[in-house]
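Undergrad: I have a structure here, written as structure tokens, and I will follow up with some questions on it.
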Amino acid sequence: MDKSITLPPDEIFRNLENAKRFAIDIGGSLTKLAYYSTVQHKVAKVRSFDHTAKEAASDKLYEISVQEEVTARLHFIKFENAYIETCLDFIKDHLVNTETKVIKATGGGAHKFKELIEKKLGLKVDKEDEMTCLIKGCNFVLRNIPHEAFVYAKHADSEFRFQTTHPDIFPYLLVNIGSGVSIVKVESEDKFERIGGSSIGGGTFWGLGALLTKTKRFDELLQLASKGQHTSVDMLVKDIYGGSYGSLGLTGDLIASSFGKSATAEKEFSKEDMAKSLLHMISNDIGQLACLYAKLHNLSRVYFGGFFIRGHPVTMHTITYSINFFTKGEVQALFLRHEGYLGAIGAFLKGAEEDNPNQYSWGENYAGSSGLMSVSPDMNPMQRARSGTFDMLEMDRLERQLVNLPLLQDPSSYIPDTVDLTEDALAREYWLYCFEEALDGVVKRAVASQPDMPEAAERAEKFRQKYRHKLQTLRHQPFAYGSLTVRSLLDTREHCLNEFNFPDPYSKIKQRENDVALRYYQKAVKSLEKLSWEERQFALVRGVLAVELKHFYLVSIHNCLFCLFFPSERPWLVDCYDQWFERIKGPPHKCALFFVDNSGVDIILGVMPFVRELLSRGTEVVLASNSGPALNDVTNGELQILTEKIAAMDSVIQAGLKEDRLTLVQSGSSSPCLDLSRLDKVLATVVRERKTDLVIIEGMGRAIHTNYYAMLSCESLKMAVIKNSWLADRLGGKLFSVVFKYEVPAGRPSLDSTALTPS
Amino acid sequence: MAFNGHQRDDDIIDEDETPTKQPRSSKEMPGLCRNEPNNEAAAPAGRATTDRRTSNSTARHRKDSLKKSRPPFPWFGMDIGGTLVKLVYFEPKDITAEEEQEEVENLKSIRRYLTSNTAYGKTGIRDVHLELQDLTLCGRTGNLHFIRFPTHDLPAFLQMGRNKHFSSLHTTLCATGGGAYKFESDFRTMADLELHKLDELDCLIRGVLYIDSVVSSGPSECYYFENPTDPDRCVQRPYTLENPYPLLLVNIGSGVSILAVYSENNYKRVTGTSLGGGTFLGLCCLLTGCSTFEEALEMASQGESTRVDKLVRDIYGGDYESFGNMMSKEKRESVSKEDLARATLVTITNNIGSITRMCALNENIERVVFVGNFLRVNTLSMKLLAYAMDYWSKGQLKALFLQHEGYFGAVGALLELLHPS
């Protein structure tokens with residue numbers, strides 16, 4: 001074993017100081033190491049001043065403090081077996097705070113390295129069943145990573161089509177193609193059964209391929225196969241029939257007999273052709289068996305994994321082809337983005353059962369994860385060479401358990417994002433450019449947010465490099481973290497900022513803007529009160545929309561004229577105001593769930609008056625804001641303070657809080673966008689308990705980039721101004737076009753418009 | 001339809017006696033023979049016996065009407081597969097002296113050539129042990145011969161047909177298998193022969209059912225292996241294929257077809273696999289340098305697959321990985337050709353067993369009949385299949401085999417000549 005290998009360890013074995021609980025999965029050629037660690041990072045906290053003592057000392061609205069917070073993170077590292085010793089040495093040297101006594105191990109190579117691990121780490125190797133680990137890992141990624149599974153389509157614009165994970169991940173079939181093939185039916189977290197298998201698997205390809213071609217490496221064999229012509233080795237239907245076998249619908253190009261043409265001692269066959277034929281033979285065979293088992297057990301979701309698959313486009317293509325052929329499209333071959341980690345994840349989970357890891361939700365940390373590698377062998381053959389590459393996956397334990405919004409019409413078909421940049425090359429170009437352009441500004445703001453810290457500039461520079469590198473990666477591999485979307489670009493940026501301890505670059509700006517806006521609250525409410533009921537309803541909507549255009553509004557706000565500056569005349573790009581107006585003439589809604597957007601004037605002068613009106617109408621209101629910071633979005637912590645302040649000025653809000661008709665909940669998210677399939681469990685409970693019948697989503701990130709097409713099972717209102725000319729153009733409008741989308745689910749007639757108008 | 005528009009010249013080709021104007025028997029066996037109105041006037045009465053045990057006088061009436069619809073000799077059925085051509089030939093043994101006299105020289109020569117040899121050219125072989133003697137077909141009694149030669153030698157066969165002026169006999173050559181389509185024009189141009197092409201699965205099923213029904217003496221056509229899971233006690237036993245439906249028919253030729261058969265005319269192709277006999281031979285040729293099925297099988301019988309397959313707990317389909325050990329360089333260098341041949345055979349066979357078992361489960365069928373030339377002199381594969389069916393189904397599935405393994409398609413083609421469906 002090469003001990004001279006030097007690792008860039010800081011970037012690979014991160015947070016090792018605090019690591020506890022190790023697990024290792026050693027396969028035929030790759031080792032996957034897992035550990036649980038705690039990450040200390042800075043978070044911005046807001047706190048009301050203690051009025052009695054400090055009020056005089058500060059003119060600020062509330063106090064912002066940056067605190068250290070400890071969160072949990074799972075680290076997974078994949079490397080070649082050749083590095084095991086070096087890696088173990090490194091771990092031993094850096095492991096300080098652990099009380100761990102055992103390391104969970106799985107995989108065929110676990111016993112081979114048992115002694116080495118025990119000697120180096122001083123940990124007892126505790127072997128876990130391979131299949132159990134695999135299934136546990138599979139359940140974990142399916143449950144926690146939204147774009148985990150994908151369909152592979154070789155010739156499509158985007159090779160990878162990521163699937164929306166069905167809320168109920170069970171039952172499914174897992175076909176693990178290692179040396180042999182195991183076919184496992186998984187019915188629930190703890191119930192699975194190996195229902196079949198085959199001896200013809202990756203080992204057959206490798207072993208037989210090595211015999212036939214004298215090529216030793218698996219990857220080289222695949223390379224050979226991708227260049228070969230199987231038709232010179234295989235006997236096709238047309239070789240027997242001269243054409244197709246019409247009465248059975250078998251086309252002439254179908255393989256009638258694998259290697260049927262090589263039954264001769266007279267001819268030589270090329271390595272490439274033999275490898276290709278072998279690949280087809282094995283892929284078709286496995287695909288056929290998988291289909292037979294899927295049919296027998298009536299399962300439509302079939303996931304493929306194992307080293308035979310592991311991101312290799314050639315095998316994914318041939319397996320997909322085979323499944324399509326044998327099921328005539330009824331079953332789709334699904335692959336997993338983190339397939340290589342399943343065993344390690346499962347082994348880790350086995351060891352961590354006392355921590356109840358399945359009670360939490362976990363999220364992929366884009367900053368710390370390598371993402372799916374480019375797999376096209378034609379595109380970048382060097383990248384496929386495994387040597388020396390370390391692949392990483394990091395999962396953050398989310399403080400809140402995430403669930404579907406109970407009001408989604410069809411959770412299994414819900415896709416948060418409006419545009420899939422993985423498939424839309426033009427859109428991808430544009431947005432990657434935008435984010436790259438905006439990077440300077442983000443860096444400046446990050447530095448400015450920490451004026452007392454001299455090394456902030458250096459950290460900000462590291463952030464810039466990291467995020468720019470991510471953008472470059474995504475330009476070449478848009479599929480790296482699942483479907484590329486504006487949301488994922490924004491989230492990746494937030495993850496990178498957090499990584500370099502810029503937890504909330506906007507905190508001070510938000511503070512200032514909130515402060516300014518609060519001063520105008522009473523004036524705004526008063527001017528609204530003066531309007532007639534009809535006028536007020538429109539003014540409230542315009543209010544929410546207008547403050548969206550903060551830059552314009554801040555100018556006008558000093559003139560104390562509400563809604564003076566409103567750029568777009570009706571009809572708006574999407575204009576359902578009349579329907580909405582008719583609706584609110586009717587009986588009040590039982591309860592409205594309001595997903596809020598920005599701090600400052602938006603929340604205080606736009607949303608709050610709207611909320612006030614709803615409360616006055618007798619509608620309960622649930623205000624959902626981000627759990628953690630993202631851009632200038634108002635966080636739950638900030639909103640608590642702001643609401644208290646407003647309540648002190650406004651009896652309606654005060655009464656609402658007191659009577660529990662106005663509730664503040666956190667969304668569970670720290671994103672400028674909104675994924676309605678991953679929301680705080682408490683929010684879901686409140687929504688259900690209060691029999692919510694109206695969902696209001698405002699802002700471009702939540703109502704345009706995401707959820708524009710989301711179908712809800714109750715009435716919904718999506719409000720936004722399109723502040724991006726390219727997107728406006730895409731949607732058929734101009735810059736600052738207004739979207740006011742009021743939707744009533746089909747089959748539910750909107751209420752009678754002749755109902756009483758409240759006076 | 002069966003004659004492809006050829007005008008029959010009974011004076012030349014019918015080896016029966018001079019026409020006699022005897023009354024036709026009303027006890028004619030309907031449906032057994034072709035009854036083609038076009039032929040009626042031209043067809044002379046014959047002296048064929050429908051049943052060997054029937055006395056000449058009583059049989060006389062029957063054979064007359066049989067004769068009129070009976071196709072002229074020679075009677076062939078052909079199945080041109082991807083690897084082998086299977087030929088069945090009916091040799092009439094009830095030829096009278098007059099018939100003999102009138103038999104055209106070409107016909108006589110073909111008959112003598114086929115029946116007096118057991119090998120033809122370098123590669124043609126007559127499976128003497130399969131010959132069915134004293135068989136009555138269409139009122140004639142004779143022997144059914146089973147001949148095979150490699151498909152790549154078809155040009156030589158056509159050349160022989162040309163040399164022997166086969167086309168002058170104006171017979172209908174019923175052929176099935178893909179080659180019937182692929183080589184149709186070669187038959188026409190090289191040997192001046194028109195093929196009557198037949199669907200291979202129709203022929204296969206017809207052939208299986210027919211042969212099973214006519215074989216009464218000698219070793220039972222259908223057999224199975226008793227105690228398949230116990231190598232020491234595993235013995236071949238006859239099986240009566242009465243009331244055979246539904247059955248799964250697995251035809252292992254170059255590739256594999258799996259059919260669910262519910263009655264003679266009601267069947268469907270469930271699936272197929274390209275890993276068949278052709279794969280076994282193709283891989284063996286590449287891995288060992290052998291060139292024939294017999295060689296490959298011989299090596300396989302001497303080999304040991306466990307040196308090739310990985311982690312063998314049970315070669316009959318436990319957890320093992322075909323060729324898994326060959327991922328290691330040292331093991332690749334130490335392995336013998338025999339071991340490789342054995343591993344190939346076991347891999348292909350077990351895979352067929354596995355797919356078959358799944359089909360049987362999906363189709364809810366408990367009887368499986370394995371046919372095809374892959375099983376010829378291949379007891380090893382048959383026992384593996386018997387084991388796999390029994391073991392994995394806990395005794396629910398029965399693997400059945402037929403003596404005439406690969407010839408059913410050709411038999412079906414012959415039957416089509418005699419009694420078109």
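Residue numbering restarts at 1 in every chain; chains get A, B, ... in the order shown in the structure tokens, and ligands count up from 1 in that same order.
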Could you find all residues in range 597-627 of chain A that DSSP calls helix (DSSP H, G or I) from the backbone, and write them as a PyMOL selection string?
TA: chain A and resi 601-616
Undergrad: Need the shell around His589 in chain A: protein/DNA/RNA residues with any atom at most 7 Å away, counting only C-alpha atoms. Skip same-chain ones fewer than 3 positions apart. Format as a PyMOL selection string?
TA: chain A and resi 592+619+693-694
Undergrad: Could those residues be written to a file, using C-alpha atoms, as a PDB file, in the first residue's frame?
TA:
ATOM      1  CA  ALA A 592     -55.048  31.498   6.161  1.00  0.00           C
ATOM      2  CA  THR A 619     -59.953  34.604   9.562  1.00  0.00           C
ATOM      3  CA  ASP A 693     -58.540  26.878   3.740  1.00  0.00           C
ATOM      4  CA  LEU A 694     -56.370  29.582   2.201  1.00  0.00           C
TER       5      LEU A 694
END
Undergrad: Starting from chain B, keep only residues with some atom at most 7 Å from an atom of chain A, counting only C-alpha atoms, and report them as a PyMOL selection string.
TA: chain B and resi 81-82+178-179+181-182+254-255+274-276+278-279+281-283+285-287+289-291+320-327+355+358+362
Undergrad: Env of range 86-101 of chain A: 6 Å cut, atoms = only C-alpha atoms, seq-sep filter 3 positions within chain, self excluded. Answer as number ranges by chain.
TA: A: 3, 17-18, 20-21, 83, 121, 123
Undergrad: Which residues are near range 105-121 of chain B? Cut-off 7 Å, only C-alpha atoms, ignore same chain within fewer than 3 positions. Put them as a ChimeraX atom specification.
TA: /B:74,91,124-126,164-165
Undergrad: Include N, CA and C atoms and write out the residues we just selected as a PDB file, in the first residue's frame.
TA:
ATOM      1  N   PRO B  74     -40.667 -37.466 -51.894  1.00  0.00           N
ATOM      2  CA  PRO B  74     -40.225 -37.748 -50.528  1.00  0.00           C
ATOM      3  C   PRO B  74     -40.887 -36.822 -49.508  1.00  0.00           C
ATOM      4  N   GLU B  91     -39.072 -42.505 -44.317  1.00  0.00           N
ATOM      5  CA  GLU B  91     -38.682 -43.520 -45.288  1.00  0.00           C
ATOM      6  C   GLU B  91     -39.796 -44.571 -45.347  1.00  0.00           C
ATOM      7  N   GLY B 124     -22.832 -33.622 -41.566  1.00  0.00           N
ATOM      8  CA  GLY B 124     -24.206 -34.114 -41.437  1.00  0.00           C
ATOM      9  C   GLY B 124     -24.241 -35.402 -40.626  1.00  0.00           C
ATOM     10  N   ILE B 125     -25.209 -35.474 -39.721  1.00  0.00           N
ATOM     11  CA  ILE B 125     -25.282 -36.650 -38.857  1.00  0.00           C
ATOM     12  C   ILE B 125     -26.724 -37.121 -38.751  1.00  0.00           C
ATOM     13  N   ARG B 126     -26.881 -38.451 -38.844  1.00  0.00           N
ATOM     14  CA  ARG B 126     -28.208 -39.002 -38.599  1.00  0.00           C
ATOM     15  C   ARG B 126     -28.216 -39.561 -37.188  1.00  0.00           C
ATOM     16  N   LYS B 164     -28.535 -33.819 -57.134  1.00  0.00           N
ATOM     17  CA  LYS B 164     -29.425 -34.972 -57.153  1.00  0.00           C
ATOM     18  C   LYS B 164     -30.757 -34.637 -57.826  1.00  0.00           C
ATOM     19  N   HIS B 165     -30.838 -33.481 -58.429  1.00  0.00           N
ATOM     20  CA  HIS B 165     -32.043 -33.054 -59.150  1.00  0.00           C
ATOM     21  C   HIS B 165     -33.294 -33.182 -58.290  1.00  0.00           C
TER      22      HIS B 165
END
Undergrad: List the neighbours of Leu417 in chain B out to 9 Å using only C-alpha atoms; skip same-chain residues closer than 4 positions along the sequence, and give me the result as a PyMOL selection string.
TA: chain B and resi 2+34+71+75-77+172-174+196+412-413
Undergrad: Residues near Cys133 in chain A, anyone? I mean within 9 Å using only C-alpha atoms, not counting same-chain ones fewer than 4 positions away, as a list of chain:residue names.
TA: A:Thr106, A:Glu128, A:Asp129, A:Gly137, A:Cys138, A:Leu342, A:Gly343, A:Ala344, A:Ile345, A:Gly346, A:Ala347, A:Phe348, A:Leu349, A:Lys350
Undergrad: From the options A:Val442, A:Val686, A:Ala275, A:Met719, which residue's atoms come nearest to Trp580 in chain A, counting only C-alpha atoms?
TA: A:Met719
Undergrad: Pick out the residues sitting within 9 Å of Ile352 in chain B, and hand them over as a list in words; count only C-alpha atoms, and ignore anything fewer than 5 positions along from it in its own chain.
TA: Val250, Ile252, Val256, Thr273, Leu275, Gly276, Thr347, Arg357 and Leu385 of chain B
Undergrad: Store the residues picked out above in a file with C-alpha atoms, as an mmCIF file, in the first residue's frame.
TA:
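See part01.cif below for the written result:
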data_model
loop_
_atom_site.group_PDB
_atom_site.id
_atom_site.type_symbol
_atom_site.label_atom_id
_atom_site.label_comp_id
_atom_site.auth_asym_id
_atom_site.auth_seq_id
_atom_site.Cartn_x
_atom_site.Cartn_y
_atom_site.Cartn_z
ATOM 1 C CA VAL B 250 -38.725 -24.019 -23.047
ATOM 2 C CA ILE B 252 -33.176 -23.999 -25.912
ATOM 3 C CA VAL B 256 -34.150 -19.545 -25.783
ATOM 4 C CA THR B 273 -33.385 -14.944 -23.588
ATOM 5 C CA LEU B 275 -28.319 -16.612 -23.310
ATOM 6 C CA GLY B 276 -28.759 -20.011 -24.871
ATOM 7 C CA THR B 347 -23.878 -20.341 -15.808
ATOM 8 C CA ARG B 357 -38.909 -20.609 -12.856
ATOM 9 C CA LEU B 385 -32.408 -27.738 -14.675
#
Undergrad: Mind giving me the straight-line distance from CA of Thr96 in chain B to CA of His145 in chain B in Å, one decimal?
TA: 20.5 Å
Undergrad: My list of candidates is A:Glu148, A:Glu189, A:Glu569, A:Glu494. Which is closest to Gly371 in chain A when distances are computed with only C-alpha atoms?
TA: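 So, comparing all the options, the nearest one is A:Glu148.
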